[in-house]
$ cat entry13.pdb   # PDB, C-alpha atoms and all ligand atoms
ATOM      1  CA  MET A 167     -48.264  68.203 -52.825  1.00  0.00           C
ATOM      2  CA  ALA A 168     -49.290  65.158 -50.852  1.00  0.00           C
ATOM      3  CA  VAL A 169     -47.952  62.938 -48.111  1.00  0.00           C
ATOM      4  CA  LEU A 170     -47.730  59.445 -49.591  1.00  0.00           C
ATOM      5  CA  PRO A 171     -48.425  56.201 -47.707  1.00  0.00           C
ATOM      6  CA  ILE A 172     -45.235  54.377 -46.679  1.00  0.00           C
ATOM      7  CA  VAL A 173     -44.859  50.803 -47.919  1.00  0.00           C
ATOM      8  CA  LYS A 174     -44.095  48.638 -44.880  1.00  0.00           C
ATOM      9  CA  TYR A 175     -41.942  45.608 -44.183  1.00  0.00           C
ATOM     10  CA  GLY A 176     -43.619  42.506 -45.629  1.00  0.00           C
ATOM     11  CA  ASP A 177     -44.566  44.076 -48.970  1.00  0.00           C
ATOM     12  CA  PRO A 178     -42.795  42.185 -51.804  1.00  0.00           C
ATOM     13  CA  LEU A 179     -41.950  45.495 -53.517  1.00  0.00           C
ATOM     14  CA  LEU A 180     -39.348  46.113 -50.794  1.00  0.00           C
ATOM     15  CA  ARG A 181     -37.711  42.717 -51.423  1.00  0.00           C
ATOM     16  CA  LYS A 182     -36.976  43.142 -55.118  1.00  0.00           C
ATOM     17  CA  LYS A 183     -34.312  45.202 -56.833  1.00  0.00           C
ATOM     18  CA  ALA A 184     -35.897  48.451 -57.997  1.00  0.00           C
ATOM     19  CA  GLU A 185     -36.170  48.973 -61.753  1.00  0.00           C
ATOM     20  CA  ARG A 186     -33.401  51.085 -63.239  1.00  0.00           C
ATOM     21  CA  VAL A 187     -34.531  54.632 -64.140  1.00  0.00           C
ATOM     22  CA  ILE A 188     -34.031  54.900 -67.908  1.00  0.00           C
ATOM     23  CA  ASP A 189     -35.620  58.338 -68.378  1.00  0.00           C
ATOM     24  CA  VAL A 190     -34.474  60.642 -65.565  1.00  0.00           C
ATOM     25  CA  GLN A 191     -37.093  63.189 -66.631  1.00  0.00           C
ATOM     26  CA  THR A 192     -39.709  60.994 -64.941  1.00  0.00           C
ATOM     27  CA  VAL A 193     -38.104  61.726 -61.548  1.00  0.00           C
ATOM     28  CA  PRO A 194     -38.540  65.506 -60.924  1.00  0.00           C
ATOM     29  CA  GLY A 195     -42.362  65.316 -60.990  1.00  0.00           C
ATOM     30  CA  LEU A 196     -42.247  62.774 -58.145  1.00  0.00           C
ATOM     31  CA  LEU A 197     -39.879  64.684 -55.882  1.00  0.00           C
ATOM     32  CA  ASP A 198     -42.233  67.200 -54.212  1.00  0.00           C
ATOM     33  CA  ASP A 199     -44.464  64.454 -52.786  1.00  0.00           C
ATOM     34  CA  MET A 200     -41.489  62.352 -51.761  1.00  0.00           C
ATOM     35  CA  PHE A 201     -39.783  65.217 -49.914  1.00  0.00           C
ATOM     36  CA  GLU A 202     -43.060  66.199 -48.245  1.00  0.00           C
ATOM     37  CA  THR A 203     -43.559  62.581 -47.152  1.00  0.00           C
ATOM     38  CA  MET A 204     -40.003  62.257 -45.827  1.00  0.00           C
ATOM     39  CA  TYR A 205     -40.234  65.508 -43.843  1.00  0.00           C
ATOM     40  CA  GLU A 206     -43.706  64.649 -42.507  1.00  0.00           C
ATOM     41  CA  GLU A 207     -42.391  61.284 -41.282  1.00  0.00           C
ATOM     42  CA  ALA A 208     -39.173  62.872 -39.947  1.00  0.00           C
ATOM     43  CA  GLY A 209     -37.000  60.557 -42.045  1.00  0.00           C
ATOM     44  CA  MET A 210     -33.473  61.348 -43.226  1.00  0.00           C
ATOM     45  CA  GLY A 211     -33.843  59.340 -46.407  1.00  0.00           C
ATOM     46  CA  LEU A 212     -36.572  57.790 -48.538  1.00  0.00           C
ATOM     47  CA  ALA A 213     -36.232  55.274 -51.348  1.00  0.00           C
ATOM     48  CA  ALA A 214     -38.778  55.389 -54.180  1.00  0.00           C
ATOM     49  CA  ASN A 215     -39.944  51.814 -53.522  1.00  0.00           C
ATOM     50  CA  GLN A 216     -40.904  52.888 -49.975  1.00  0.00           C
ATOM     51  CA  VAL A 217     -43.704  54.956 -51.522  1.00  0.00           C
ATOM     52  CA  GLY A 218     -44.740  52.269 -53.989  1.00  0.00           C
ATOM     53  CA  LEU A 219     -42.630  53.329 -56.976  1.00  0.00           C
ATOM     54  CA  ASP A 220     -40.622  50.553 -58.621  1.00  0.00           C
ATOM     55  CA  MET A 221     -37.844  52.976 -59.573  1.00  0.00           C
ATOM     56  CA  ASN A 222     -34.179  53.015 -58.621  1.00  0.00           C
ATOM     57  CA  PHE A 223     -33.773  56.389 -56.925  1.00  0.00           C
ATOM     58  CA  ALA A 224     -33.796  57.861 -53.431  1.00  0.00           C
ATOM     59  CA  ILE A 225     -33.811  61.204 -51.656  1.00  0.00           C
ATOM     60  CA  ILE A 226     -31.722  62.114 -48.626  1.00  0.00           C
ATOM     61  CA  ASP A 227     -31.669  65.166 -46.360  1.00  0.00           C
ATOM     62  CA  ILE A 228     -29.688  65.226 -43.114  1.00  0.00           C
ATOM     63  CA  SER A 229     -29.688  69.034 -42.794  1.00  0.00           C
ATOM     64  CA  HIS A 230     -31.484  68.977 -39.438  1.00  0.00           C
ATOM     65  CA  GLU A 231     -28.489  67.006 -38.085  1.00  0.00           C
ATOM     66  CA  ASP A 232     -25.812  68.875 -40.024  1.00  0.00           C
ATOM     67  CA  GLU A 233     -26.369  72.570 -40.793  1.00  0.00           C
ATOM     68  CA  GLY A 234     -24.113  72.655 -43.852  1.00  0.00           C
ATOM     69  CA  GLU A 235     -26.068  69.893 -45.520  1.00  0.00           C
ATOM     70  CA  PHE A 236     -28.652  70.030 -48.316  1.00  0.00           C
ATOM     71  CA  PRO A 237     -31.091  67.633 -50.028  1.00  0.00           C
ATOM     72  CA  HIS A 238     -29.587  64.916 -52.227  1.00  0.00           C
ATOM     73  CA  ILE A 239     -31.292  63.043 -55.060  1.00  0.00           C
ATOM     74  CA  ILE A 240     -29.508  59.900 -56.189  1.00  0.00           C
ATOM     75  CA  ILE A 241     -30.743  58.063 -59.287  1.00  0.00           C
ATOM     76  CA  ASN A 242     -29.485  54.553 -60.163  1.00  0.00           C
ATOM     77  CA  PRO A 243     -26.927  54.723 -57.342  1.00  0.00           C
ATOM     78  CA  GLU A 244     -24.139  52.187 -57.106  1.00  0.00           C
ATOM     79  CA  ILE A 245     -21.589  51.872 -54.331  1.00  0.00           C
ATOM     80  CA  LEU A 246     -18.251  51.399 -56.079  1.00  0.00           C
ATOM     81  CA  GLU A 247     -15.930  51.307 -53.065  1.00  0.00           C
ATOM     82  CA  SER A 248     -16.246  51.401 -49.308  1.00  0.00           C
ATOM     83  CA  SER A 249     -13.810  51.662 -46.422  1.00  0.00           C
ATOM     84  CA  GLY A 250     -13.630  51.899 -42.655  1.00  0.00           C
ATOM     85  CA  SER A 251     -16.263  50.768 -40.211  1.00  0.00           C
ATOM     86  CA  ASP A 252     -18.660  52.559 -37.892  1.00  0.00           C
ATOM     87  CA  ASP A 253     -21.465  51.561 -35.511  1.00  0.00           C
ATOM     88  CA  LEU A 254     -24.583  53.721 -35.626  1.00  0.00           C
ATOM     89  CA  GLU A 255     -28.223  53.348 -34.608  1.00  0.00           C
ATOM     90  CA  GLU A 256     -30.663  53.091 -37.502  1.00  0.00           C
ATOM     91  CA  GLY A 257     -34.399  53.108 -37.906  1.00  0.00           C
ATOM     92  CA  CYS A 258     -36.609  52.841 -40.971  1.00  0.00           C
ATOM     93  CA  LEU A 259     -39.969  54.338 -41.928  1.00  0.00           C
ATOM     94  CA  SER A 260     -40.938  50.924 -43.349  1.00  0.00           C
ATOM     95  CA  ILE A 261     -40.120  49.209 -40.015  1.00  0.00           C
ATOM     96  CA  PRO A 262     -41.762  51.443 -37.374  1.00  0.00           C
ATOM     97  CA  GLU A 263     -40.962  51.327 -33.642  1.00  0.00           C
ATOM     98  CA  ILE A 264     -37.736  49.347 -34.126  1.00  0.00           C
ATOM     99  CA  ARG A 265     -34.198  50.746 -33.965  1.00  0.00           C
ATOM    100  CA  ALA A 266     -30.883  48.918 -33.966  1.00  0.00           C
ATOM    101  CA  THR A 267     -27.177  49.657 -33.970  1.00  0.00           C
ATOM    102  CA  ILE A 268     -25.679  48.504 -37.255  1.00  0.00           C
ATOM    103  CA  SER A 269     -22.054  48.268 -38.333  1.00  0.00           C
ATOM    104  CA  ARG A 270     -21.334  49.628 -41.824  1.00  0.00           C
ATOM    105  CA  PRO A 271     -18.427  51.093 -43.784  1.00  0.00           C
ATOM    106  CA  GLU A 272     -17.671  54.681 -42.719  1.00  0.00           C
ATOM    107  CA  GLU A 273     -16.879  55.977 -46.211  1.00  0.00           C
ATOM    108  CA  VAL A 274     -18.325  55.115 -49.629  1.00  0.00           C
ATOM    109  CA  LEU A 275     -17.642  56.054 -53.230  1.00  0.00           C
ATOM    110  CA  VAL A 276     -20.983  56.295 -55.027  1.00  0.00           C
ATOM    111  CA  GLU A 277     -21.828  56.644 -58.714  1.00  0.00           C
ATOM    112  CA  TYR A 278     -25.275  58.054 -59.398  1.00  0.00           C
ATOM    113  CA  GLN A 279     -27.214  60.271 -61.793  1.00  0.00           C
ATOM    114  CA  ASP A 280     -28.869  63.548 -60.847  1.00  0.00           C
ATOM    115  CA  PRO A 281     -32.314  64.618 -62.177  1.00  0.00           C
ATOM    116  CA  THR A 282     -30.669  66.287 -65.197  1.00  0.00           C
ATOM    117  CA  GLY A 283     -29.136  62.944 -66.185  1.00  0.00           C
ATOM    118  CA  GLU A 284     -25.588  63.926 -65.328  1.00  0.00           C
ATOM    119  CA  THR A 285     -23.485  61.134 -63.813  1.00  0.00           C
ATOM    120  CA  HIS A 286     -21.536  61.849 -60.617  1.00  0.00           C
ATOM    121  CA  ARG A 287     -18.886  59.871 -58.788  1.00  0.00           C
ATOM    122  CA  GLU A 288     -18.739  61.193 -55.242  1.00  0.00           C
ATOM    123  CA  GLN A 289     -17.195  60.256 -51.918  1.00  0.00           C
ATOM    124  CA  PHE A 290     -19.436  60.392 -48.830  1.00  0.00           C
ATOM    125  CA  ASN A 291     -18.635  59.806 -45.180  1.00  0.00           C
ATOM    126  CA  GLY A 292     -20.192  59.965 -41.732  1.00  0.00           C
ATOM    127  CA  LEU A 293     -23.957  60.244 -41.350  1.00  0.00           C
ATOM    128  CA  LEU A 294     -24.507  60.990 -45.041  1.00  0.00           C
ATOM    129  CA  ALA A 295     -22.640  57.812 -46.055  1.00  0.00           C
ATOM    130  CA  ARG A 296     -24.732  55.918 -43.528  1.00  0.00           C
ATOM    131  CA  VAL A 297     -28.077  57.130 -44.878  1.00  0.00           C
ATOM    132  CA  ILE A 298     -26.992  56.582 -48.488  1.00  0.00           C
ATOM    133  CA  GLN A 299     -26.039  52.975 -47.721  1.00  0.00           C
ATOM    134  CA  HIS A 300     -29.407  52.440 -46.009  1.00  0.00           C
ATOM    135  CA  GLU A 301     -31.280  53.793 -49.062  1.00  0.00           C
ATOM    136  CA  VAL A 302     -29.151  51.897 -51.601  1.00  0.00           C
ATOM    137  CA  ASP A 303     -29.934  48.763 -49.584  1.00  0.00           C
ATOM    138  CA  HIS A 304     -33.671  49.517 -49.982  1.00  0.00           C
ATOM    139  CA  LEU A 305     -33.265  49.891 -53.747  1.00  0.00           C
ATOM    140  CA  ASN A 306     -31.594  46.470 -53.800  1.00  0.00           C
ATOM    141  CA  GLY A 307     -34.380  44.824 -51.773  1.00  0.00           C
ATOM    142  CA  VAL A 308     -32.384  44.822 -48.530  1.00  0.00           C
ATOM    143  CA  PHE A 309     -33.388  46.130 -45.075  1.00  0.00           C
ATOM    144  CA  TYR A 310     -30.954  47.413 -42.451  1.00  0.00           C
ATOM    145  CA  ILE A 311     -32.131  44.641 -40.124  1.00  0.00           C
ATOM    146  CA  ASP A 312     -30.688  42.118 -42.601  1.00  0.00           C
ATOM    147  CA  HIS A 313     -27.283  43.206 -41.238  1.00  0.00           C
ATOM    148  CA  LEU A 314     -28.169  42.106 -37.679  1.00  0.00           C
ATOM    149  CA  THR A 315     -26.685  38.976 -36.161  1.00  0.00           C
ATOM    150  CA  PRO A 316     -29.089  35.974 -36.150  1.00  0.00           C
ATOM    151  CA  VAL A 317     -29.501  36.315 -32.361  1.00  0.00           C
ATOM    152  CA  LYS A 318     -30.571  39.970 -32.563  1.00  0.00           C
ATOM    153  CA  ARG A 319     -32.704  39.287 -35.602  1.00  0.00           C
ATOM    154  CA  ALA A 320     -34.539  36.596 -33.638  1.00  0.00           C
ATOM    155  CA  MET A 321     -35.390  39.233 -31.017  1.00  0.00           C
ATOM    156  CA  ILE A 322     -37.448  41.218 -33.535  1.00  0.00           C
ATOM    157  CA  ASN A 323     -38.929  38.466 -35.717  1.00  0.00           C
ATOM    158  CA  LYS A 324     -42.283  38.563 -33.950  1.00  0.00           C
ATOM    159  CA  ARG A 325     -42.452  42.345 -34.295  1.00  0.00           C
ATOM    160  CA  LEU A 326     -41.580  42.089 -37.995  1.00  0.00           C
ATOM    161  CA  ALA A 327     -44.454  39.648 -38.491  1.00  0.00           C
ATOM    162  CA  GLU A 328     -46.761  42.118 -36.744  1.00  0.00           C
ATOM    163  CA  ILE A 329     -45.614  44.948 -39.032  1.00  0.00           C
ATOM    164  CA  ALA A 330     -46.219  42.751 -42.083  1.00  0.00           C
ATOM    165  CA  GLU A 331     -49.699  42.008 -40.825  1.00  0.00           C
ATOM    166  CA  THR A 332     -50.911  45.303 -39.335  1.00  0.00           C
ATOM    167  CA  GLY A 333     -48.315  47.948 -40.268  1.00  0.00           C
ATOM    168  CA  ALA A 334     -46.965  48.356 -36.723  1.00  0.00           C
ATOM    169  CA  PRO A 335     -45.581  46.157 -33.921  1.00  0.00           C
ATOM    170  CA  SER A 336     -47.444  45.841 -30.613  1.00  0.00           C
ATOM    171  CA  THR A 337     -44.320  47.086 -28.783  1.00  0.00           C
ATOM    172  CA  GLY A 338     -41.191  48.966 -29.818  1.00  0.00           C
ATOM    173  CA  ILE A 339     -37.573  47.962 -29.216  1.00  0.00           C
ATOM    174  CA  THR A 340     -34.065  49.386 -29.594  1.00  0.00           C
ATOM    175  CA  LEU A 341     -31.305  46.832 -30.121  1.00  0.00           C
TER     176      LEU A 341
HETATM  177 NI    NI B   1     -35.391  52.609 -44.429  1.00  0.00          NI
END

$ encode --input "entry13.pdb" --output "structure tokens" --more "lines below"
Ligand code: NI
Amino acid sequence: MAVLPIVKYGDPLLRKKAERVIDVQTVPGLLDDMFETMYEEAGMGLAANQVGLDMNFAIIDISHEDEGEFPHIIINPEILESSGSDDLEEGCLSIPEIRATISRPEEVLVEYQDPTGETHREQFNGLLARVIQHEVDHLNGVFYIDHLTPVKRAMINKRLAEIAETGAPSTGITL
């Protein structure tokens, strides 16, 4: 197993829609390194394009926040319905040292495939719904900071440019 380098804000790979996974059997061999990387970086979710793979899948594990939880692997995920609204602070391994409170739907209905190729349609809420929406955004070329108001976005633009250039901002901020 190996900890993989995280692709940072500014890399074009994170601004394009990830390629659909046609053969789900290509996914299991990638999972050990992805989980090791996510745990090493203390992330709750990791999209494949964040480790340089142009593939539409993500892993999620919020079990250190919620004891009854377990790792999730979502391949070709699509949010079919969403409802409610919730404000929660988010961060991103691809945008280090920056955190911001983001408003998102509280509950989502997601269709995805698992590594055996089986299709699931499942309702998620709370923190799990939050992380899934963040990762599905990644797979669609979207960052959580894209949901900020223009005024708040302006407050981090310089830091984003620094991340694109050097991989980290000179100072952190929580919005
Ligand atoms: Ni992220």

$ closest_atom_pairs --input "entry13.pdb" --of "range 241-288 of chain A" --to "range 314-334 of chain A" --cutoff "10 Å" --atoms "all atoms listed in the file" --output "tab-separated table"
residue	atom	partner	partner_atom	distance
A:Ser260	CA	A:Gly333	CA	8.5
A:Ile261	CA	A:Ile329	CA	7.0
A:Pro262	CA	A:Ala334	CA	6.1
A:Glu263	CA	A:Ala334	CA	7.4
A:Ile264	CA	A:Ile322	CA	8.2
A:Ala266	CA	A:Leu314	CA	8.2
A:Thr267	CA	A:Leu314	CA	8.5
A:Ile268	CA	A:Leu314	CA	6.9
A:Ser269	CA	A:Leu314	CA	8.7

$ resolve_selection --input "entry13.pdb" --expression "the PyMOL selection byres (((chain A and resi 305) around 12) and not hetatm)" --output "PyMOL selection string"
chain A and resi 179-187+211-225+240-245+298-304+306-310

$ residues_around --input "entry13.pdb" --residues "Glu207 in chain A" --least-positions-apart "6" --cutoff "10 Å" --atoms "only C-alpha atoms" --output "list of chain:residue names"
A:Val169, A:Ile172, A:Phe201, A:Leu259

$ residues_around --input "entry13.pdb" --residues "range 194-199 of chain A" --least-positions-apart "6" --cutoff "8 Å" --atoms "all atoms listed in the file" --output "ChimeraX atom specification"
/A:167-170,281

$ residues_around --input "entry13.pdb" --residues "Glu273 in chain A" --least-positions-apart "2" --cutoff "7 Å" --atoms "all atoms listed in the file" --output "number ranges by chain"
A: 248-250, 271, 290-292, 295

$ atom_distance --input "entry13.pdb" --atom1 "CA of Glu235 in chain A" --atom2 "CA of Val297 in chain A"
12.9 Å

$ atom_distance --input "entry13.pdb" --atom1 "CA of Ile226 in chain A" --atom2 "CA of Ile239 in chain A"
6.5 Å

$ atom_distance --input "entry13.pdb" --atom1 "CA of Met210 in chain A" --atom2 "CA of Ile228 in chain A"
5.4 Å

$ build_atoms --input "entry13.pdb" --residues "range 190-207 of chain A" --atoms "N, CA and C atoms" --output "PDB file, in the coordinates of the input"
ATOM      1  N   VAL A 190     -34.551  59.878 -66.822  1.00  0.00           N
ATOM      2  CA  VAL A 190     -34.474  60.642 -65.565  1.00  0.00           C
ATOM      3  C   VAL A 190     -35.522  61.749 -65.501  1.00  0.00           C
ATOM      4  N   GLN A 191     -36.084  62.125 -66.629  1.00  0.00           N
ATOM      5  CA  GLN A 191     -37.093  63.189 -66.631  1.00  0.00           C
ATOM      6  C   GLN A 191     -38.386  62.765 -65.940  1.00  0.00           C
ATOM      7  N   THR A 192     -38.527  61.452 -65.666  1.00  0.00           N
ATOM      8  CA  THR A 192     -39.709  60.994 -64.941  1.00  0.00           C
ATOM      9  C   THR A 192     -39.569  61.256 -63.436  1.00  0.00           C
ATOM     10  N   VAL A 193     -38.357  61.585 -62.988  1.00  0.00           N
ATOM     11  CA  VAL A 193     -38.104  61.726 -61.548  1.00  0.00           C
ATOM     12  C   VAL A 193     -38.565  63.076 -60.962  1.00  0.00           C
ATOM     13  N   PRO A 194     -38.225  64.220 -61.577  1.00  0.00           N
ATOM     14  CA  PRO A 194     -38.540  65.506 -60.924  1.00  0.00           C
ATOM     15  C   PRO A 194     -40.000  65.662 -60.513  1.00  0.00           C
ATOM     16  N   GLY A 195     -40.939  65.179 -61.312  1.00  0.00           N
ATOM     17  CA  GLY A 195     -42.362  65.316 -60.990  1.00  0.00           C
ATOM     18  C   GLY A 195     -42.784  64.530 -59.756  1.00  0.00           C
ATOM     19  N   LEU A 196     -41.926  63.616 -59.303  1.00  0.00           N
ATOM     20  CA  LEU A 196     -42.247  62.774 -58.145  1.00  0.00           C
ATOM     21  C   LEU A 196     -41.624  63.318 -56.863  1.00  0.00           C
ATOM     22  N   LEU A 197     -40.705  64.270 -57.023  1.00  0.00           N
ATOM     23  CA  LEU A 197     -39.879  64.684 -55.882  1.00  0.00           C
ATOM     24  C   LEU A 197     -40.632  65.463 -54.813  1.00  0.00           C
ATOM     25  N   ASP A 198     -41.540  66.376 -55.208  1.00  0.00           N
ATOM     26  CA  ASP A 198     -42.233  67.200 -54.212  1.00  0.00           C
ATOM     27  C   ASP A 198     -42.961  66.325 -53.192  1.00  0.00           C
ATOM     28  N   ASP A 199     -43.717  65.338 -53.691  1.00  0.00           N
ATOM     29  CA  ASP A 199     -44.464  64.454 -52.786  1.00  0.00           C
ATOM     30  C   ASP A 199     -43.518  63.617 -51.938  1.00  0.00           C
ATOM     31  N   MET A 200     -42.423  63.177 -52.534  1.00  0.00           N
ATOM     32  CA  MET A 200     -41.489  62.352 -51.761  1.00  0.00           C
ATOM     33  C   MET A 200     -40.823  63.159 -50.648  1.00  0.00           C
ATOM     34  N   PHE A 201     -40.402  64.387 -50.963  1.00  0.00           N
ATOM     35  CA  PHE A 201     -39.783  65.217 -49.914  1.00  0.00           C
ATOM     36  C   PHE A 201     -40.801  65.554 -48.828  1.00  0.00           C
ATOM     37  N   GLU A 202     -42.037  65.878 -49.242  1.00  0.00           N
ATOM     38  CA  GLU A 202     -43.060  66.199 -48.245  1.00  0.00           C
ATOM     39  C   GLU A 202     -43.301  64.988 -47.332  1.00  0.00           C
ATOM     40  N   THR A 203     -43.342  63.807 -47.929  1.00  0.00           N
ATOM     41  CA  THR A 203     -43.559  62.581 -47.152  1.00  0.00           C
ATOM     42  C   THR A 203     -42.400  62.341 -46.186  1.00  0.00           C
ATOM     43  N   MET A 204     -41.175  62.495 -46.682  1.00  0.00           N
ATOM     44  CA  MET A 204     -40.003  62.257 -45.827  1.00  0.00           C
ATOM     45  C   MET A 204     -39.975  63.236 -44.655  1.00  0.00           C
ATOM     46  N   TYR A 205     -40.262  64.515 -44.923  1.00  0.00           N
ATOM     47  CA  TYR A 205     -40.234  65.508 -43.843  1.00  0.00           C
ATOM     48  C   TYR A 205     -41.378  65.272 -42.852  1.00  0.00           C
ATOM     49  N   GLU A 206     -42.552  64.928 -43.366  1.00  0.00           N
ATOM     50  CA  GLU A 206     -43.706  64.649 -42.507  1.00  0.00           C
ATOM     51  C   GLU A 206     -43.404  63.488 -41.553  1.00  0.00           C
ATOM     52  N   GLU A 207     -42.694  62.478 -42.072  1.00  0.00           N
ATOM     53  CA  GLU A 207     -42.391  61.284 -41.282  1.00  0.00           C
ATOM     54  C   GLU A 207     -41.074  61.426 -40.514  1.00  0.00           C
TER      55      GLU A 207
END
